[in-house]
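The data block below is model26.pdb; it holds PDB, C-alpha atoms.
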```
ATOM      1  CA  MET A1217       8.132  -4.092  19.029
ATOM      2  CA  LEU A1218       4.682  -3.876  17.346
ATOM      3  CA  LYS A1219       3.075  -5.490  20.400
ATOM      4  CA  PHE A1220       4.546  -2.803  22.665
ATOM      5  CA  ILE A1221       3.504  -0.032  20.248
ATOM      6  CA  LEU A1222      -0.090  -1.349  20.308
ATOM      7  CA  ILE A1223      -0.064  -1.519  24.125
ATOM      8  CA  PHE A1224       1.212   2.067  24.162
ATOM      9  CA  LEU A1225      -1.625   3.179  21.841
ATOM     10  CA  VAL A1226      -4.249   1.471  24.045
ATOM     11  CA  SER A1227      -2.698   3.148  27.081
ATOM     12  CA  VAL A1228      -2.978   6.587  25.427
ATOM     13  CA  LEU A1229      -6.630   5.829  24.567
ATOM     14  CA  ILE A1230      -7.408   5.007  28.216
ATOM     15  CA  SER A1231      -5.620   8.194  29.281
ATOM     16  CA  SER A1232      -7.579  10.252  26.706
ATOM     17  CA  ILE A1233     -10.901   8.854  27.955
ATOM     18  CA  SER A1234      -9.887   9.842  31.485
ATOM     19  CA  GLN A1235      -9.167  13.408  30.249
ATOM     20  CA  ILE A1236     -12.681  13.635  28.802
ATOM     21  CA  ILE A1237     -14.157  12.531  32.137
ATOM     22  CA  LEU A1238     -11.988  15.146  33.921
ATOM     23  CA  LYS A1239     -13.110  17.871  31.520
ATOM     24  CA  LYS A1240     -16.754  16.950  32.184
ATOM     25  CA  SER A1241     -16.041  17.199  35.897
ATOM     26  CA  ALA A1242     -14.030  20.451  35.641
ATOM     27  CA  VAL A1243     -16.867  22.423  34.046
ATOM     28  CA  LYS A1244     -19.363  21.263  36.666
ATOM     29  CA  LYS A1245     -19.909  23.408  39.770
ATOM     30  CA  TYR A1246     -19.321  21.829  43.185
ATOM     31  CA  ASP A1247     -20.235  23.005  46.695
ATOM     32  CA  SER A1248     -16.659  22.686  48.005
ATOM     33  CA  VAL A1249     -13.061  22.251  46.813
ATOM     34  CA  ILE A1250     -12.963  18.749  48.370
ATOM     35  CA  LYS A1251     -16.027  17.694  46.351
ATOM     36  CA  GLU A1252     -14.352  19.157  43.267
ATOM     37  CA  TYR A1253     -11.570  16.569  43.616
ATOM     38  CA  LEU A1254     -13.376  13.750  45.431
ATOM     39  CA  ASN A1255     -16.324  12.810  43.263
ATOM     40  CA  VAL A1256     -17.136   9.704  41.220
ATOM     41  CA  ARG A1257     -16.038  11.208  37.895
ATOM     42  CA  VAL A1258     -12.661  12.428  39.157
ATOM     43  CA  ILE A1259     -11.926   9.188  41.040
ATOM     44  CA  CYS A1260     -12.917   7.125  37.992
ATOM     45  CA  ALA A1261     -10.773   9.329  35.713
ATOM     46  CA  TYR A1262      -7.696   9.034  37.929
ATOM     47  CA  THR A1263      -8.142   5.263  38.297
ATOM     48  CA  MET A1264      -8.082   4.987  34.500
ATOM     49  CA  PHE A1265      -5.118   7.348  34.386
ATOM     50  CA  PHE A1266      -3.297   5.164  36.958
ATOM     51  CA  LEU A1267      -4.025   2.053  34.843
ATOM     52  CA  SER A1268      -2.639   3.792  31.778
ATOM     53  CA  THR A1269       0.616   4.576  33.674
ATOM     54  CA  LEU A1270       1.082   0.840  34.356
ATOM     55  CA  LEU A1271       0.397   0.005  30.718
ATOM     56  CA  THR A1272       2.738   2.750  29.508
ATOM     57  CA  MET A1273       5.474   1.537  31.844
ATOM     58  CA  TYR A1274       5.107  -1.973  30.433
ATOM     59  CA  ALA A1275       5.051  -0.635  26.860
ATOM     60  CA  TYR A1276       8.273   1.301  27.532
ATOM     61  CA  THR A1277      10.090  -1.999  28.094
ATOM     62  CA  GLY A1278       9.888  -2.474  24.313
ATOM     63  CA  VAL A1279       9.564   1.105  23.049
ATOM     64  CA  PRO A1280      12.350   3.750  23.059
ATOM     65  CA  LEU A1281      11.635   6.979  24.968
ATOM     66  CA  THR A1282      11.968   9.009  21.749
ATOM     67  CA  LEU A1283       9.245   6.921  20.047
ATOM     68  CA  GLY A1284       7.086   6.943  23.189
ATOM     69  CA  ALA A1285       6.963  10.735  23.085
ATOM     70  CA  LEU A1286       5.633  10.542  19.520
ATOM     71  CA  LEU A1287       3.152   7.752  20.257
ATOM     72  CA  GLU A1288       1.646   9.861  23.035
ATOM     73  CA  SER A1289       0.673  12.370  20.368
ATOM     74  CA  VAL A1290      -2.088  10.039  19.089
ATOM     75  CA  GLY A1291      -3.956  11.554  22.024
ATOM     76  CA  TYR A1292      -4.422  14.618  19.787
ATOM     77  CA  ILE A1293      -6.432  12.388  17.481
ATOM     78  CA  TYR A1294      -8.310  10.538  20.223
ATOM     79  CA  ILE A1295      -9.256  13.709  22.143
ATOM     80  CA  PRO A1296     -11.147  15.591  19.372
ATOM     81  CA  VAL A1297     -12.961  12.381  18.363
ATOM     82  CA  LEU A1298     -13.943  11.637  21.977
ATOM     83  CA  SER A1299     -14.765  15.335  22.571
ATOM     84  CA  PHE A1300     -17.050  15.250  19.528
ATOM     85  CA  PHE A1301     -19.013  12.299  20.903
ATOM     86  CA  PHE A1302     -19.025  13.093  24.623
ATOM     87  CA  ILE A1303     -18.739  16.864  25.092
ATOM     88  CA  LYS A1304     -20.124  17.921  21.713
ATOM     89  CA  GLU A1305     -17.021  19.834  20.635
ATOM     90  CA  LYS A1306     -16.698  20.279  16.876
ATOM     91  CA  ILE A1307     -14.180  18.466  14.673
ATOM     92  CA  THR A1308     -12.736  21.063  12.283
ATOM     93  CA  PRO A1309     -10.889  20.510   8.968
ATOM     94  CA  ARG A1310      -7.742  21.764  10.767
ATOM     95  CA  MET A1311      -8.056  18.943  13.306
ATOM     96  CA  VAL A1312      -8.292  16.418  10.459
ATOM     97  CA  LEU A1313      -5.230  17.978   8.779
ATOM     98  CA  GLY A1314      -3.336  18.011  12.101
ATOM     99  CA  SER A1315      -4.223  14.351  12.674
ATOM    100  CA  LEU A1316      -2.898  13.438   9.217
ATOM    101  CA  PHE A1317       0.440  15.128   9.993
ATOM    102  CA  ILE A1318       0.673  13.277  13.321
ATOM    103  CA  ILE A1319      -0.048   9.900  11.704
ATOM    104  CA  CYS A1320       2.446  10.629   8.885
ATOM    105  CA  GLY A1321       5.052  11.676  11.465
ATOM    106  CA  ILE A1322       4.704   8.418  13.401
ATOM    107  CA  ILE A1323       4.947   6.411  10.158
ATOM    108  CA  VAL A1324       8.042   8.339   8.957
ATOM    109  CA  TYR A1325       9.667   7.867  12.385
ATOM    110  CA  ASN A1326       9.194   4.094  12.120
ATOM    111  CA  LEU A1327      10.285   3.696   8.461
TER     112      LEU A1327
ATOM    113  CA  MET B1268     -19.278  31.764  32.378
ATOM    114  CA  ASN B1269     -19.125  30.801  28.699
ATOM    115  CA  GLU B1270     -16.818  33.769  28.035
ATOM    116  CA  LYS B1271     -14.468  32.655  30.813
ATOM    117  CA  LYS B1272     -14.332  29.126  29.378
ATOM    118  CA  ASN B1273     -13.305  30.357  25.935
ATOM    119  CA  LYS B1274     -10.764  32.957  27.094
ATOM    120  CA  PHE B1275      -7.085  32.151  26.453
ATOM    121  CA  SER B1276      -5.361  32.679  29.817
ATOM    122  CA  LEU B1277      -1.612  33.469  29.486
ATOM    123  CA  GLY B1278      -0.961  32.763  33.178
ATOM    124  CA  ALA B1279      -2.527  29.311  32.919
ATOM    125  CA  PHE B1280      -0.559  28.729  29.704
ATOM    126  CA  ILE B1281       2.795  29.478  31.435
ATOM    127  CA  ILE B1282       1.910  27.297  34.440
ATOM    128  CA  LEU B1283       0.997  24.505  32.011
ATOM    129  CA  GLN B1284       4.423  24.790  30.330
ATOM    130  CA  ILE B1285       6.201  24.457  33.698
ATOM    131  CA  ALA B1286       3.996  21.457  34.520
ATOM    132  CA  LEU B1287       4.828  19.857  31.160
ATOM    133  CA  PHE B1288       8.570  20.220  31.833
ATOM    134  CA  ILE B1289       8.131  18.404  35.159
ATOM    135  CA  LEU B1290       5.904  15.811  33.458
ATOM    136  CA  SER B1291       8.601  15.014  30.882
ATOM    137  CA  PHE B1292      10.653  13.439  33.694
ATOM    138  CA  GLY B1293       7.666  11.168  34.348
ATOM    139  CA  ALA B1294       8.373   9.321  31.081
ATOM    140  CA  VAL B1295      12.008   8.890  32.169
ATOM    141  CA  CYS B1296      10.856   7.432  35.518
ATOM    142  CA  SER B1297       8.331   5.203  33.701
ATOM    143  CA  LYS B1298      10.991   3.747  31.420
ATOM    144  CA  MET B1299      13.434   3.330  34.336
ATOM    145  CA  ALA B1300      10.734   1.560  36.429
ATOM    146  CA  GLY B1301      10.067  -0.824  33.531
ATOM    147  CA  ARG B1302      13.761  -1.759  33.504
ATOM    148  CA  GLN B1303      13.779  -2.775  37.197
ATOM    149  CA  GLU B1304      12.720  -6.057  38.695
ATOM    150  CA  PHE B1305       8.940  -5.899  39.276
ATOM    151  CA  LEU B1306       8.057  -4.884  42.882
ATOM    152  CA  SER B1307      11.722  -4.396  43.822
ATOM    153  CA  VAL B1308      12.911  -1.324  45.798
ATOM    154  CA  PRO B1309      14.279   0.486  42.692
ATOM    155  CA  PHE B1310      10.990  -0.306  40.904
ATOM    156  CA  PHE B1311       8.985   1.381  43.675
ATOM    157  CA  ALA B1312      11.432   4.300  43.771
ATOM    158  CA  PHE B1313      11.007   5.060  40.061
ATOM    159  CA  TYR B1314       7.314   4.223  39.908
ATOM    160  CA  GLY B1315       6.732   6.267  43.083
ATOM    161  CA  ALA B1316       8.557   9.215  41.502
ATOM    162  CA  LEU B1317       6.351   8.827  38.415
ATOM    163  CA  ILE B1318       3.162   8.814  40.503
ATOM    164  CA  LEU B1319       4.363  11.878  42.455
ATOM    165  CA  ILE B1320       5.089  13.764  39.222
ATOM    166  CA  LEU B1321       1.698  12.733  37.812
ATOM    167  CA  PHE B1322      -0.037  13.779  41.042
ATOM    168  CA  VAL B1323       1.483  17.284  40.990
ATOM    169  CA  TYR B1324       0.785  17.526  37.264
ATOM    170  CA  ALA B1325      -2.832  16.331  37.650
ATOM    171  CA  ILE B1326      -3.613  19.006  40.241
ATOM    172  CA  ILE B1327      -2.211  21.721  37.952
ATOM    173  CA  TRP B1328      -3.863  20.171  34.866
ATOM    174  CA  GLN B1329      -7.334  20.191  36.411
ATOM    175  CA  GLN B1330      -7.002  23.872  37.345
ATOM    176  CA  VAL B1331      -5.605  24.745  33.903
ATOM    177  CA  LEU B1332      -8.565  22.982  32.210
ATOM    178  CA  LYS B1333     -10.897  25.523  33.815
ATOM    179  CA  ARG B1334      -9.105  28.347  32.035
ATOM    180  CA  ILE B1335      -8.042  26.781  28.707
ATOM    181  CA  SER B1336      -9.978  24.589  26.242
ATOM    182  CA  LEU B1337      -9.116  20.897  26.488
ATOM    183  CA  VAL B1338      -7.944  20.777  22.866
ATOM    184  CA  VAL B1339      -5.528  23.722  23.369
ATOM    185  CA  ALA B1340      -4.257  22.326  26.674
ATOM    186  CA  TYR B1341      -3.742  18.921  25.097
ATOM    187  CA  ALA B1342      -2.022  20.441  22.065
ATOM    188  CA  CYS B1343       0.499  22.171  24.377
ATOM    189  CA  LYS B1344       1.649  18.697  25.333
ATOM    190  CA  GLY B1345       3.418  18.708  21.931
ATOM    191  CA  ILE B1346       6.482  20.068  23.690
ATOM    192  CA  GLY B1347       6.714  16.617  25.304
ATOM    193  CA  ILE B1348       7.970  15.272  21.965
ATOM    194  CA  ILE B1349      11.037  17.516  22.148
ATOM    195  CA  TYR B1350      11.639  16.632  25.806
ATOM    196  CA  GLY B1351      11.206  12.932  24.928
ATOM    197  CA  ILE B1352      13.915  13.123  22.271
ATOM    198  CA  ILE B1353      16.289  15.079  24.534
ATOM    199  CA  TRP B1354      15.832  12.769  27.551
ATOM    200  CA  GLY B1355      15.995   9.669  25.301
ATOM    201  CA  VAL B1356      19.462  10.742  24.183
ATOM    202  CA  VAL B1357      20.639  12.070  27.575
ATOM    203  CA  PHE B1358      19.387   9.285  29.877
ATOM    204  CA  PHE B1359      19.127   6.227  27.622
ATOM    205  CA  LYS B1360      21.734   6.955  24.938
ATOM    206  CA  GLU B1361      19.103   6.396  22.242
ATOM    207  CA  GLU B1362      20.234   6.974  18.683
ATOM    208  CA  ILE B1363      18.779   9.841  16.697
ATOM    209  CA  THR B1364      18.296   9.405  12.958
ATOM    210  CA  TRP B1365      17.065  11.858  10.302
ATOM    211  CA  LYS B1366      13.905   9.750   9.887
ATOM    212  CA  MET B1367      13.165  10.193  13.585
ATOM    213  CA  ILE B1368      13.719  13.947  13.401
ATOM    214  CA  ALA B1369      11.562  14.201  10.234
ATOM    215  CA  GLY B1370       8.830  12.178  11.975
ATOM    216  CA  ALA B1371       9.000  14.368  15.083
ATOM    217  CA  VAL B1372       8.824  17.542  12.948
ATOM    218  CA  LEU B1373       5.730  16.216  11.119
ATOM    219  CA  VAL B1374       4.058  15.362  14.437
ATOM    220  CA  LEU B1375       4.875  18.827  15.817
ATOM    221  CA  ILE B1376       3.441  20.495  12.686
ATOM    222  CA  GLY B1377       0.280  18.436  13.225
ATOM    223  CA  VAL B1378       0.121  19.464  16.875
ATOM    224  CA  TYR B1379       0.501  23.150  16.056
ATOM    225  CA  ILE B1380      -2.121  22.974  13.291
ATOM    226  CA  PHE B1381      -4.391  21.880  16.154
ATOM    227  CA  ILE B1382      -3.367  24.647  18.545
ATOM    228  CA  PHE B1383      -3.547  27.545  16.056
ATOM    229  CA  GLY B1384      -6.898  26.309  14.755
ATOM    230  CA  GLU B1385      -8.242  26.185  18.284
ATOM    231  CA  ILE B1386      -6.933  29.655  19.213
ATOM    232  CA  LYS B1387      -8.543  31.060  16.027
ATOM    233  CA  ALA B1388     -11.850  29.347  16.865
ATOM    234  CA  SER B1389     -11.597  30.620  20.438
ATOM    235  CA  LYS B1390     -11.065  34.241  19.268
ATOM    236  CA  LYS B1391     -14.011  33.948  16.855
ATOM    237  CA  GLU B1392     -16.191  32.701  19.707
ATOM    238  CA  GLU B1393     -15.097  35.635  21.922
ATOM    239  CA  THR B1394     -15.938  38.158  19.188
ATOM    240  CA  LYS B1395     -19.337  36.475  18.740
ATOM    241  CA  ASN B1396     -19.979  36.664  22.502
ATOM    242  CA  GLU B1397     -18.977  40.350  22.598
ATOM    243  CA  GLU B1398     -21.277  41.147  19.660
ATOM    244  CA  GLY B1399     -24.056  39.181  21.354
ATOM    245  CA  SER B1400     -23.678  41.143  24.599
ATOM    246  CA  THR B1401     -23.604  44.484  22.680
ATOM    247  CA  ASP B1402     -26.824  43.554  20.851
ATOM    248  CA  ALA B1403     -28.500  42.673  24.119
TER     249      ALA B1403
END
```

Would you mind giving the structure from this file in structure tokens?
Amino acid sequence: MLKFILIFLVSVLISSISQIILKKSAVKKYDSVIKEYLNVRVICAYTMFFLSTLLTMYAYTGVPLTLGALLESVGYIYIPVLSFFFIKEKITPRMVLGSLFIICGIIVYNL
Amino acid sequence: MNEKKNKFSLGAFIILQIALFILSFGAVCSKMAGRQEFLSVPFFAFYGALILILFVYAIIWQQVLKRISLVVAYACKGIGIIYGIIWGVVFFKEEITWKMIAGAVLVLIGVYIFIFGEIKASKKEETKNEEGSTDA
């Protein structure tokens, strides 16, 4: 089961990176609606997102749906860290506290 | 522009909640697809349904991101934990234990520490912007 949990965590990381790329694209101004959706950043982000769906699907063969829902929450930890490095958003003490609760929750679930 | 980015839009928030409910069925389709023979008709049916759900969700998500901070929008996904537990029991007859519930509660507390912190920061930013525009 650990193997599938790790695959799930990698999948969430890929998905989180794609969200950061989408955010970078969303705040940028484009000449048309088509360009807003069809540009390198958006295509790259959705390709990564698509890859993460395949990985998640594979991970679900060894992970229960109830645990999967919890494992997806590691995105809350990945996103602020990635946001800090790539879109210069601040990491607050609350985020650290929230992350600790999420990690504890996943550990308690698996005890 | 900056003010618009930091504003908490209730309309976008409600649309996001509807999108998250639809998205929760994506996990069900994902798990069902994983149970089928790879590249078989049922596999494509479930995986296709997953991609369709993700497509609809992605369109909504990208629009929502323009009106809500990424951290808040991502924190709203916390509701997915509750859906995950419900659908796990309903569709896959998964067993629920007190440890699982305690774990889920801890994760949800963590998620909402994120969301309330972000809303507070967002309000502070708005006040700062308003004061800045008054000074100018």

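What the PyMOL selection byres ((chain B) within 7 of (chain A)) grabs from this file is Ser1297, Lys1298, Ala1300, Gly1301, Arg1302, Gln1329, Leu1332, Lys1333, Tyr1341, Ala1342, Gly1347, Ile1348, Gly1351, Ile1352, Gly1355, Lys1366, Met1367, Ala1369, Gly1370, Ala1371, Leu1373, Val1374, Ile1376, Gly1377, Val1378, Ile1380, Phe1381 and Gly1384 of chain B.
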
**Asked** At what distance in Å, to one decimal, does atom CA of B:Phe1383 lie from atom CA of B:Ser1276?
**Response**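 Atom CA of B:Ser1276 sits 14.8 Å away from atom CA of B:Phe1383.
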
**Request:** Could you check how far atom CA of A:Lys1306 sits from atom CA of B:Tyr1379, in Å to one decimal?
**Result:** 17.5 Å

First collect every listed atom of stretch 1229-1238 of chain A; then fit an axis-aligned box around them, widen it by 8 Å on each side, and give centre and edge lengths in Å to one decimal, as AutoDock Vina command-line options.
```
--center_x -9.9 --center_y 10.1 --center_z 29.2 --size_x 24.5 --size_y 26.1 --size_z 25.4
```

**Asked** Can you tell me how far atom CA of B:Val1372 sits from atom CA of B:Val1339, in Å to one decimal?
**Response**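 Calculated distance between atom CA of B:Val1372 and atom CA of B:Val1339 is 18.8 Å.
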
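Distance annotation: of A:Ile1230, A:Ile1303, A:Ile1223, A:Met1217, the residue with the minimal separation from B:Ser1336 is A:Ile1303; atom set is all atoms listed in the file.
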
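Summary of the local environment: counting only C-alpha atoms, residues at most 10 Å from B:Phe1358, other than itself and those fewer than 3 positions away along its chain, are A:Leu1281, B:Val1295, B:Met1299, B:Ile1353, B:Trp1354, B:Gly1355, B:Glu1361.
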
**Request:** Go through B:Phe1305, B:Tyr1350, B:Trp1365, B:Tyr1314 and flag the residue nearest B:Ser1291, using only C-alpha atoms for the distances.
**Result:** B:Tyr1350

**Request:** Give as a PyMOL selection string each residue that has an atom at most 6 Å from (-17.8, 11.6, 33.8) in the file, counting all atoms listed in the file.
**Result:** chain A and resi 1237+1240+1257

**Prompt:** Restricting the calculation to only C-alpha atoms, which member of A:Tyr1246, A:Ser1234, A:Leu1218, A:Phe1224 is positioned closest to A:Ile1259?
**Reply:**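 Closest to A:Ile1259, using only C-alpha atoms: A:Ser1234.
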
Name the residues that the PyMOL selection byres ((chain B and resi 1324) around 10) picks from the file above, as a PDB file with C-alpha atoms, in the frame of the given file, using the file's chain letters and numbers.
```
ATOM      1  CA  LEU B1283       0.997  24.505  32.011  1.00  0.00           C
ATOM      2  CA  ILE B1285       6.201  24.457  33.698  1.00  0.00           C
ATOM      3  CA  ALA B1286       3.996  21.457  34.520  1.00  0.00           C
ATOM      4  CA  LEU B1287       4.828  19.857  31.160  1.00  0.00           C
ATOM      5  CA  PHE B1288       8.570  20.220  31.833  1.00  0.00           C
ATOM      6  CA  ILE B1289       8.131  18.404  35.159  1.00  0.00           C
ATOM      7  CA  LEU B1290       5.904  15.811  33.458  1.00  0.00           C
ATOM      8  CA  GLY B1293       7.666  11.168  34.348  1.00  0.00           C
ATOM      9  CA  ILE B1318       3.162   8.814  40.503  1.00  0.00           C
ATOM     10  CA  LEU B1319       4.363  11.878  42.455  1.00  0.00           C
ATOM     11  CA  ILE B1320       5.089  13.764  39.222  1.00  0.00           C
ATOM     12  CA  LEU B1321       1.698  12.733  37.812  1.00  0.00           C
ATOM     13  CA  PHE B1322      -0.037  13.779  41.042  1.00  0.00           C
ATOM     14  CA  VAL B1323       1.483  17.284  40.990  1.00  0.00           C
ATOM     15  CA  ALA B1325      -2.832  16.331  37.650  1.00  0.00           C
ATOM     16  CA  ILE B1326      -3.613  19.006  40.241  1.00  0.00           C
ATOM     17  CA  ILE B1327      -2.211  21.721  37.952  1.00  0.00           C
ATOM     18  CA  TRP B1328      -3.863  20.171  34.866  1.00  0.00           C
ATOM     19  CA  GLN B1329      -7.334  20.191  36.411  1.00  0.00           C
TER      20      GLN B1329
END
```

**Request:** Carefully work through the PyMOL selection byres ((chain B and resi 1278-1280) around 9) for this structure and note down the residues it includes, as a ChimeraX atom specification.
**Result:** /B:1275-1277,1281-1285,1330-1332,1334-1335,1340,1343
